[in-house]
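Enquirer: Please see the structure below; I have some questions.
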Amino acid sequence: MFVVMEEGATEIQVQGVIDLLVNEGFTVHRSTGVVHTVLGCVGPKEEIDPRAIELMDGVKECHRVMAPYKLASHRFRPGGTRFEVRGVEIGGDRVVAIAGPCSVENADQIEQCAELVARAGGKGLRGGAFKPPSSPYSFEGLGEEGLRMMRTAADRNGLFVVTEVMDHTQIGMMEPYVDVFQVGARNMQNFNLLKELSKSRTPVLLKRGIAATIEELLLSAEYLLSGGNYNVILCERGIRTFESYTQNTMDISAIPVVKKLSHLPIMADPSHGTGRRDKVIPMARAAVAAGADGILVEVHPTPDRALSDGPQSLYPEQFGELMRQLKMIAAAVGRSI
Ligand code: PEP
Ligand code: MN
């Protein structure tokens with residue numbers, strides 16, 4: 001942690017800050033510049049809240065040097081995290097494509113999706129059986145019946161299953177059907193859910209909240225890791241900004257930032273990131289070029305008749321074309337798909 005004193009801070013003020021920090025167990029290194037005095041502090045693991053120091057007289061600013069998350073930080077596992085889901089490596093050299101409808105609608109629809117995803121080279125089947133729609137009047141999913149349909153379709157086509165868990169009470173019931181639990185953007189800070197998922201050994205795909213900073217995303221991941229579940233995939237899915245043309249603003253820069261700050265794999269969801277079919281392909285290309293470990297994309301056999309998120313769901317042939325393009329982009333950044 002370091003503290004920058006105001007220009008003209010008095011000796012009494014500087015000493016007041018030093019005394020407080022020393023009392024808290026810090027070793028303080030003072031450096032007196034022409035304009036500012038800077039205090040470099042090394043000390044206890046549990047740092048004090050920088051705001052408490054910034055409120056002291058004569059203090060200009062105070063910053064942490066160490067990240068508040070430990071297990072999710074890059075230095076915890078500098079080599080990066082890799083793990084397998086049904087024989088597919090996540091976080092490895094290959095970019096992993098997970099695709100499927102927004103919602104599981106019926107057995108035929110999910111079967112068609114699984115077939116087209118597998119045919120194009122996708123490895124995971126996504127689809128919601130429990131949906132968290134923004135409106136209480138929208139489709140809420142088929143529940144356990146939907147999970148059963150999804151498992152059957154995925155098994156028939158050699159895919160793993162990624163689906164959203166909305167509440168901690170659903171975990172046990174869902175576990176037999178699911179290969180990766182998705183935590184939706186609206187639940188990124190549902191700490192009860194994260195704590196319960198941390199006890200599971202089923203991998204978790206943790207989506208970034210619509211108004212969450214990257215640090216908050218990593219702190220939510222820390223909940224999963226600190227409870228013992230190390231198989232975590234982060235997912236950038238767009239954040240809420242003042243821009244209204246797209247549904248959300250796809251923060252591609254979060255991908256290299258997370259790669260620097262954390263060892264966890266990060267995927268990108270350009271479907272929710274843009275909310276528009278015609279913007280999904282360019283943003284998926286950008287995500288892979290930026291170093292994403294995978295993409296999560298909505299695709300539907302008949303998007304115009306989809307029960308949810310039709311306008312952002314790709315047509316089957318568009319998904320095939322996207323996969324062809326991603327092969328070239330992955331190769332250009334030293335990976336394959
Ligand atoms: C979804 O993947 O269908 C979904 C609801 O995503 P998000 O939580 O990112 O909105
Ligand atoms: Mn959706």
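Residue names in the structure tokens use chain letters A, B, ... in the order shown, residue numbers from 1 in each chain, and ligand numbers from 1 in the order shown.
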Enumerate residues in contact with ligand 1: an atom-to-atom distance of at most 9 Å, counting only C-alpha atoms and all ligand atoms. Format the result as an MDAnalysis selection string.
Expert: chainID A and resid 101:103 126:128 131:133 163:164 182:188 206:210 235:238 269 271:273 296:298 308:309
Enquirer: What's the 10 Å shell around A:Asn229, counting only C-alpha atoms, without same-chain residues fewer than 5 positions away, as a VMD selection string?
Expert: chain A and resid 194 to 204 221 to 224
Enquirer: When you look at A:Ser262 with a cut-off of 10 Å (counting only C-alpha atoms), what residues show up, excluding the ones that are within fewer than 3 positions of it in the same chain? I need them as a CSV table (one decimal) with C-alpha atoms, in the first residue's frame.
Expert:
chain,number,residue,atom,x,y,z
A,69,TYR,CA,-8.3,-11.5,-4.3
A,70,LYS,CA,-5.6,-14.0,-3.7
A,71,LEU,CA,-6.5,-17.4,-5.1
A,72,ALA,CA,-7.9,-15.9,-8.3
A,73,SER,CA,-4.8,-13.8,-8.9
A,74,HIS,CA,-2.3,-14.6,-11.6
A,75,ARG,CA,0.6,-15.1,-9.1
A,76,PHE,CA,-1.3,-17.9,-7.4
A,77,ARG,CA,-0.9,-20.0,-10.6
A,78,PRO,CA,1.3,-18.3,-13.1
A,80,GLY,CA,-2.7,-20.7,-15.9
A,81,THR,CA,-5.6,-23.0,-15.0
A,218,LEU,CA,-12.5,-11.8,-9.7
A,234,LEU,CA,-14.9,-16.5,-16.3
A,256,PRO,CA,-6.4,-9.3,-21.9
A,257,VAL,CA,-6.9,-7.6,-18.5
A,258,VAL,CA,-8.2,-10.8,-16.9
A,259,LYS,CA,-5.4,-12.7,-18.6
A,265,PRO,CA,-9.7,-19.1,-18.3
A,266,ILE,CA,-11.9,-16.5,-19.7
Enquirer: Residues at most 8 Å from stretch 16-23 of chain A, counting only C-alpha atoms, excluding those fewer than 3 positions away in the same chain, as a PDB file with N, CA, C and O atoms, in the first residue's frame?
Expert:
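Resulting contents of out.pdb:
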ATOM      1  N   ILE A  12       3.262  17.249  11.289  1.00  0.00           N
ATOM      2  CA  ILE A  12       2.366  16.587  12.266  1.00  0.00           C
ATOM      3  C   ILE A  12       1.401  15.640  11.541  1.00  0.00           C
ATOM      4  O   ILE A  12       1.149  14.522  11.984  1.00  0.00           O
ATOM      5  N   GLN A  13       0.921  16.091  10.387  1.00  0.00           N
ATOM      6  CA  GLN A  13      -0.007  15.244   9.617  1.00  0.00           C
ATOM      7  C   GLN A  13       0.706  13.996   9.092  1.00  0.00           C
ATOM      8  O   GLN A  13       0.187  12.884   9.176  1.00  0.00           O
ATOM      9  N   PHE A  26       2.346  -2.075  10.105  1.00  0.00           N
ATOM     10  CA  PHE A  26       3.062  -1.819   8.850  1.00  0.00           C
ATOM     11  C   PHE A  26       4.474  -1.300   9.109  1.00  0.00           C
ATOM     12  O   PHE A  26       4.726  -0.623  10.104  1.00  0.00           O
ATOM     13  N   THR A  27       5.373  -1.607   8.178  1.00  0.00           N
ATOM     14  CA  THR A  27       6.673  -0.947   8.165  1.00  0.00           C
ATOM     15  C   THR A  27       6.531   0.160   7.122  1.00  0.00           C
ATOM     16  O   THR A  27       6.077  -0.093   6.006  1.00  0.00           O
ATOM     17  N   VAL A  28       6.885   1.376   7.507  1.00  0.00           N
ATOM     18  CA  VAL A  28       6.632   2.513   6.624  1.00  0.00           C
ATOM     19  C   VAL A  28       7.960   3.085   6.107  1.00  0.00           C
ATOM     20  O   VAL A  28       8.880   3.341   6.876  1.00  0.00           O
ATOM     21  N   LEU A  39       4.459   7.674   1.332  1.00  0.00           N
ATOM     22  CA  LEU A  39       4.754   6.647   2.334  1.00  0.00           C
ATOM     23  C   LEU A  39       4.505   5.277   1.707  1.00  0.00           C
ATOM     24  O   LEU A  39       3.386   4.978   1.272  1.00  0.00           O
ATOM     25  N   CYS A  41       4.176   1.378   2.302  1.00  0.00           N
ATOM     26  CA  CYS A  41       3.878   0.586   3.506  1.00  0.00           C
ATOM     27  C   CYS A  41       3.860  -0.899   3.178  1.00  0.00           C
ATOM     28  O   CYS A  41       3.153  -1.318   2.270  1.00  0.00           O
ATOM     29  N   ILE A  53      -7.519   5.815   5.418  1.00  0.00           N
ATOM     30  CA  ILE A  53      -6.317   6.657   5.406  1.00  0.00           C
ATOM     31  C   ILE A  53      -6.614   7.952   4.636  1.00  0.00           C
ATOM     32  O   ILE A  53      -6.206   9.045   5.045  1.00  0.00           O
ATOM     33  N   MET A  56      -7.844  10.960   6.471  1.00  0.00           N
ATOM     34  CA  MET A  56      -6.991  11.651   7.459  1.00  0.00           C
ATOM     35  C   MET A  56      -6.515  12.992   6.904  1.00  0.00           C
ATOM     36  O   MET A  56      -6.321  13.155   5.698  1.00  0.00           O
TER      37      MET A  56
END
Enquirer: Tell me, as a PyMOL selection string, which residues lie within 12 Å of stretch 276-280 of chain A, counting only C-alpha atoms; anything in the same chain fewer than 2 positions away does not count.
Expert: chain A and resi 237-238+244-250+268-274+282-287+295-300+303-304+309-316+318-319+322
Enquirer: Could you check how far atom CA of A:Glu321 sits from atom CA of A:Ala290, in Å to one decimal?
Expert: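 For atom CA of A:Glu321 relative to atom CA of A:Ala290, the distance reads 19.5 Å.
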Enquirer: What are the DSSP alpha helix (DSSP H) residues of stretch 229-303 of chain A, as a PyMOL selection string?
Expert: chain A and resi 254-261+270-274+277-289
Enquirer: Name the residues in contact with A:Thr152 at a cut-off of 12 Å, using only C-alpha atoms, excluding same-chain residues fewer than 3 positions from it; report them as a ChimeraX atom specification.
Expert: /A:106-108,110-112,114-115,125,145-149,155-161,176-178
Enquirer: Nearest to ligand 2 among A:Ala99, A:Glu24, A:Ile233, A:Phe181, with distances taken over only C-alpha atoms and all ligand atoms: which residue is it?
Expert: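 Closest residue, counting only C-alpha atoms and all ligand atoms: A:Ala99.
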Enquirer: Have a look at atom CA of A:Gly291 and atom CA of A:Asp251 and let me know their distance in Å, one decimal.
Expert: 13.0 Å
Enquirer: For ligand 2, which residue among A:Val38, A:Leu193, A:Ala9, A:Ala306 is the nearest when counting only C-alpha atoms and all ligand atoms?
Expert: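 Among A:Val38, A:Leu193, A:Ala9, A:Ala306, it is A:Ala306 that comes nearest to ligand 2.
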Enquirer: Could you tell me which of A:Gly100, A:Gly91, A:Gly334, A:Gly121 comes closest to ligand 2 if we count only C-alpha atoms and all ligand atoms?
Expert: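 Of the candidates, the smallest distance to ligand 2 is held by A:Gly100.
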Enquirer: Smallest atom-to-atom distance to ligand 2: which of A:Ser134, A:Gln189, A:Gln170, A:Gln325, using only C-alpha atoms and all ligand atoms?
Expert: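 So, comparing all the options, the nearest one is A:Ser134.
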Enquirer: Of the residues A:Ala129, A:Leu261, A:Ala292, A:Ala153, which is the one nearest to ligand 2, using only C-alpha atoms and all ligand atoms?
Expert: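 Among the listed residues, A:Ala129 lies closest to ligand 2.
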Enquirer: As an exercise, work out the distance from atom CA of A:Gly25 to atom CA of A:Glu54 in Å and give it to one decimal place.
Expert: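 We find that atom CA of A:Gly25 and atom CA of A:Glu54 lie 18.2 Å from each other.
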Enquirer: If you count only C-alpha atoms, which residues fall within 8 Å of A:Gly294, apart from same-chain ones fewer than 3 positions away, as a short mmCIF file (atom, residue, chain, number, x, y, z; two decimals) with N, CA, C and O atoms, in the first residue's frame?
Expert:
data_model
loop_
_atom_site.label_atom_id
_atom_site.label_comp_id
_atom_site.auth_asym_id
_atom_site.auth_seq_id
_atom_site.Cartn_x
_atom_site.Cartn_y
_atom_site.Cartn_z
N VAL A 95 -9.21 -23.10 -28.52
CA VAL A 95 -10.34 -22.24 -28.18
C VAL A 95 -11.59 -23.14 -28.22
O VAL A 95 -11.76 -23.91 -29.16
N VAL A 96 -12.40 -23.05 -27.19
CA VAL A 96 -13.56 -23.95 -27.09
C VAL A 96 -14.85 -23.20 -27.42
O VAL A 96 -15.13 -22.15 -26.84
N ALA A 97 -15.61 -23.73 -28.35
CA ALA A 97 -16.89 -23.09 -28.71
C ALA A 97 -18.04 -23.81 -28.02
O ALA A 97 -18.19 -25.03 -28.11
N ILE A 98 -18.82 -23.02 -27.31
CA ILE A 98 -20.02 -23.53 -26.63
C ILE A 98 -21.19 -22.79 -27.28
O ILE A 98 -21.18 -21.55 -27.33
N ILE A 266 -10.82 -17.41 -19.51
CA ILE A 266 -11.92 -16.46 -19.74
C ILE A 266 -12.52 -16.68 -21.13
O ILE A 266 -11.80 -16.81 -22.12
N MET A 267 -13.84 -16.74 -21.15
CA MET A 267 -14.57 -16.88 -22.42
C MET A 267 -15.35 -15.60 -22.69
O MET A 267 -15.42 -14.71 -21.84
N ALA A 268 -15.92 -15.55 -23.88
CA ALA A 268 -16.67 -14.35 -24.27
C ALA A 268 -18.04 -14.75 -24.79
O ALA A 268 -18.16 -15.72 -25.54
N VAL A 288 -11.74 -13.79 -29.83
CA VAL A 288 -10.71 -14.82 -30.03
C VAL A 288 -9.37 -14.15 -30.34
O VAL A 288 -8.32 -14.53 -29.82
#
Enquirer: Please return, as a VMD selection string, all residues of stretch 115-293 of chain A that DSSP assigns to strand (DSSP E) on the basis of the backbone.
Expert: chain A and resid 124 to 126 160 to 164 180 to 183 204 to 207 232 to 236 266 to 268
